[in-house]
Every structure is written in structure tokens, then in C-alpha cells.
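The structure appears below as C-alpha cells.
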Amino acid sequence: MRSAKDFFRPLAVGAPTPPTEIPARPSRAIHFFDPSNPKMAAKVPDMVGSVDVLLGNLEDAVKADNKVAAREGLVEIGQNTEGLGGPEAQTQLWTRINALDSPWALDDLTTLIPAIGHTLDVVMVPKVQGAEDIHYVDRLLAQLEAKAGLDRPILVHAILETARGVANIEEICGASPRMQGLSLGPADLAADRRMKTTRVGGGHPGYLVRQDPASSSEADINASRSVFQQDLWHYTIARMVDACAMHGIYPYYGPFGDIADVVACEDQFRNAFLLGCVGTWSLHPKQIAIAKKVFSPSVEDVAHARRVVAAMSALGGDGTGAVMLDGKMEDDASLKQCLVMVELAERLAATDPELAELYAAAEEG
């Protein structure tokens, strides 16, 4: 059994000291691109500064014949794209490596860390089953960082794609001080659970509740009744949010596969945001704007939160007491909720001039 005192010591001689706290960097949209696709790769420089995270994908969406090309393409992008990646960059550089049981994952890490470890912020690991997967990546990253002479640790992000991963979610979140967060992987998770859906995220018209009949008569039972579609992913997202909050890391919604249905996409993103997620994946540029809109607090919510904070501060600032605003009671619990909203707004405004202007105008108004 490893001593708790050793948890924040490097796992390799010469490796950087593991973080004691994960920085709260804006990551509303994690935009996936295929580094082996010349058209996608060519768009990356123009996206720097307009999206929080650019992720070079090496896994499922990349054909086996293109794995090496994707890896090499990501190295070129990481070495030659100004303003991309690193602790001070407005746009982070992430990668999703291949699954740990694949023939490519080891080469992904041994190629990328020496070549672009100085700009690579997060390594996303797919199909994580338990803490042992994180321990493997943790030790390997430390060895590669030491060899490359890196002065900051690369963080690790796990994708929740198996029933075993969900069952082990707490131990995954606490497996390493490198853990940055978790993402929901709904397609693979649905298959592993034997769920009867072929959709990549989102709801299903068959997963519903139906209004009670007016009576138990056959006519009323067979009459038209209102139905309400339910969220297949509510339980999993809520459990993921709790596990991440417990360990001081960040939860994310994953992919929404129906690119054309921007309305349902926005609804699914908002459900995740309201439950506590800080961001989501984007598979198409049109989803970036949706993610930035949804995972940024509204001007109205920020303005209200600031009013509550100001009113509670006027009571003495110790969190006790209560005030009435717009006919509603606000107390210490309200204050805590509002401080979360204000902190998020300030963090996003620091890197998003458009948001900063909107929030400032709301404060003046």
C-alpha cells in the first residue's frame, strides 16, 4: 500500500512534481480534429484563440492505416502552431491516445511526450476500466517527462466508456494527482451496457414517461396521452459530477453525434451544464458556438448572482442571515451557489473579451 505522503512525489527521478490542485482553465468546448486529415489540420492555426481546447484525436475515428500519420501530424501541429498549448496559452492542446490495449497507445506516448510535451496540456485516455489504467499512464508519463526534461506535469483525462469504469469511477478520479477530469463516452458505454440505442449521446424517443389515463376504462387507456422523453444519461452524468467534485477535478459531457440537430444538441449540453459539467466535446465547428454559449453563465444569471453576493455582503459578509430579493429568500446556501456562478463568469471573462464586455455591461446596468 502506497503511503499518502508519497502521493505528490514524482514517479520517476527527474520528473516534475505532480500538481496538488488542478487549474480551473476554461474548457467549454473540446474540439476534436484528425491530425492525419490535411484539411482539418490546416484549419487549426485559425482556430487558436477562438476555442478553449483543440484535441488531436488519434483513436477510434482514425483508420488503422492512418495512425502513424495522425501521430506525426499532431507533432507537427504542436511544434509549429503559435499560441497553442502550454500553461499561458488561451487555447489548450490535448490529445486522445489510442486505447491502452491497442498496439498504438505506447507509441503515441513515447512519440508525443518527447516531441511536444512542452505544449501538450492533457492526455485523454479512452475506455478506462479502473485505477490500474491510470497508474500505468501516470508512471509512463513521469518517465517520459524526466527523459524529455519537462518542468511541468502533463495532466490525464479519462473517458467513461464501460460499465466497469462507471462502477470504479471514484477510484479512477482519485488514482493520480494528474487527473484533470472525466468525459462521458455514451456510444461505447451504451454498447458495453447492452443499452438498446444506436445514437451517439442524446435522448431516445422510446425512453419516456406517459401521462396517466383519465380513468381505467379501455377508451381512456387507449386515448391519446401526453408523453415526455427522458434523458438516458442523467444517472451517469450525475454520478460522474459527484465523483469529480469529490476529488477536485472536472466533469465533461462527451460527443453529441447528430450534427444537424443543433436544438437537441444545445438541450443535451445544457442538461450537463446544469448538473455541474464544465464543458463538452465538439465534433463539428457549429457545436463550438453552442458549447461556448451553454457552458458560459447567462448575463441574467451572473447579474442576479452578483446582486445576491452584494446583498449578503451588506449583512456583514460572514454568510449568516438572509435577505429578500425580488420576493425570494436568499441565504448562505444561495450565496454559495451564486459564488460558483460569479467565479465561473470571472474566469471565462478573463480569456473571452466578448463575454467580459457582456458581463461588465450587465453589472453597470
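Ligands are numbered from 1 in the order shown, residues from 1 within each chain, and chains are lettered A, B, ... in the order they appear in the C-alpha cells.
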
Closest contacts (segment 132-206 of chain A/segment 236-250 of chain A, max 6 Å, only C-alpha atoms) as a tab-separated table:
```
residue	atom	partner	partner_atom	distance
A:Glu170	CA	A:Ala243	CA	5.4
A:Gln180	CA	A:Ile249	CA	5.3
A:Gly181	CA	A:Tyr250	CA	4.3
```

Expected file: the selected residues, N, CA and C atoms, as a compact mmCIF listing (two decimals), in the first residue's frame:
```
# COMPACT_ATOMS: atom_id res chain seq x y z
N GLU A 170 -15.04 6.39 -8.69
CA GLU A 170 -14.39 7.13 -7.60
C GLU A 170 -12.90 6.82 -7.54
N GLN A 180 -7.18 15.25 -14.43
CA GLN A 180 -7.78 16.55 -14.75
C GLN A 180 -9.29 16.47 -14.78
N GLY A 181 -9.83 15.35 -15.25
CA GLY A 181 -11.27 15.24 -15.35
C GLY A 181 -11.72 13.96 -16.01
```

Which polymer residues have any atom within 8 Å of an atom of Ala322 of chain A, counting only C-alpha atoms, with same-chain residues fewer than 2 positions away left out, as JSON, numbers by chain?
{"A": [312, 320, 324, 329, 330, 331, 332]}

Between A:Pro186, A:Ala175, A:Trp233, A:Pro114, smallest distance to Tyr136 of chain A by only C-alpha atoms belongs to A:Ala175

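Taking atom CA of Phe228 of chain A and atom CA of Leu208 of chain A as the two end points, the separation is 5.4 Å.
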
Neighbouring residues of Glu171 of chain A were defined as those with any atom within 10 Å, considering only C-alpha atoms; residues of the same chain fewer than 6 positions away were excluded. Please report them as a compact mmCIF listing (two decimals) with N, CA, C and O atoms, in the first residue's frame.
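Full text of around.txt as output:
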```
# COMPACT_ATOMS: atom_id res chain seq x y z
N GLY A 130 -10.33 1.09 -14.65
CA GLY A 130 -10.10 1.22 -13.22
C GLY A 130 -8.83 2.00 -12.95
O GLY A 130 -8.16 2.48 -13.87
N ALA A 131 -8.47 2.10 -11.67
CA ALA A 131 -7.30 2.87 -11.27
C ALA A 131 -6.02 2.33 -11.89
O ALA A 131 -5.08 3.09 -12.14
N GLU A 132 -5.98 1.03 -12.17
CA GLU A 132 -4.75 0.44 -12.73
C GLU A 132 -4.38 1.04 -14.08
O GLU A 132 -3.19 1.18 -14.40
N ILE A 134 -4.93 4.18 -14.98
CA ILE A 134 -4.35 5.50 -14.69
C ILE A 134 -2.95 5.34 -14.11
O ILE A 134 -2.03 6.11 -14.44
N GLY A 165 -15.92 0.86 -15.76
CA GLY A 165 -15.41 2.20 -15.48
C GLY A 165 -16.36 3.00 -14.62
O GLY A 165 -15.93 3.70 -13.69
N ALA A 243 -18.38 12.31 -8.40
CA ALA A 243 -17.03 11.74 -8.24
C ALA A 243 -15.96 12.78 -8.52
O ALA A 243 -14.95 12.87 -7.81
N HIS A 247 -13.13 14.76 -5.83
CA HIS A 247 -11.68 14.70 -5.99
C HIS A 247 -11.08 15.99 -6.58
O HIS A 247 -9.89 16.01 -6.92
```

Residues within 9 Å of Gly117 of chain A, only C-alpha atoms, excluding chain neighbours under 5 positions, as a count of residues only:
8

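Candidate residues A:Cys338, A:Leu58, A:Gly174, A:Ala69 were compared for distance to Val123 of chain A, and the nearest is A:Leu58, using only C-alpha atoms.
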
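Interatomic distance, atom CA of Pro87 of chain A against atom CA of Pro251 of chain A: 20.1 Å.
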
Please provide as number ranges by chain all residues within 12 Å of Pro18 of chain A, with the sequence filter that same-chain residues fewer than 3 positions apart are discarded (counting only C-alpha atoms).
A: 6-12, 14-15, 21-22, 138-139, 141-142, 145, 151-156, 176-180

Between A:Val53, A:Val323, A:Ile97, A:Ala29, which one has atoms that come closest to Leu84 of chain A, using only C-alpha atoms?
A:Val53

Just want the 12 Å neighbourhood of Lys292 of chain A, counted on only C-alpha atoms, with same-chain residues fewer than 5 positions away dropped. Output as a ChimeraX atom specification.
/A:26-31,50-53,266,269-270,273,278-282,285-287,297-298,348-349,352,354-355
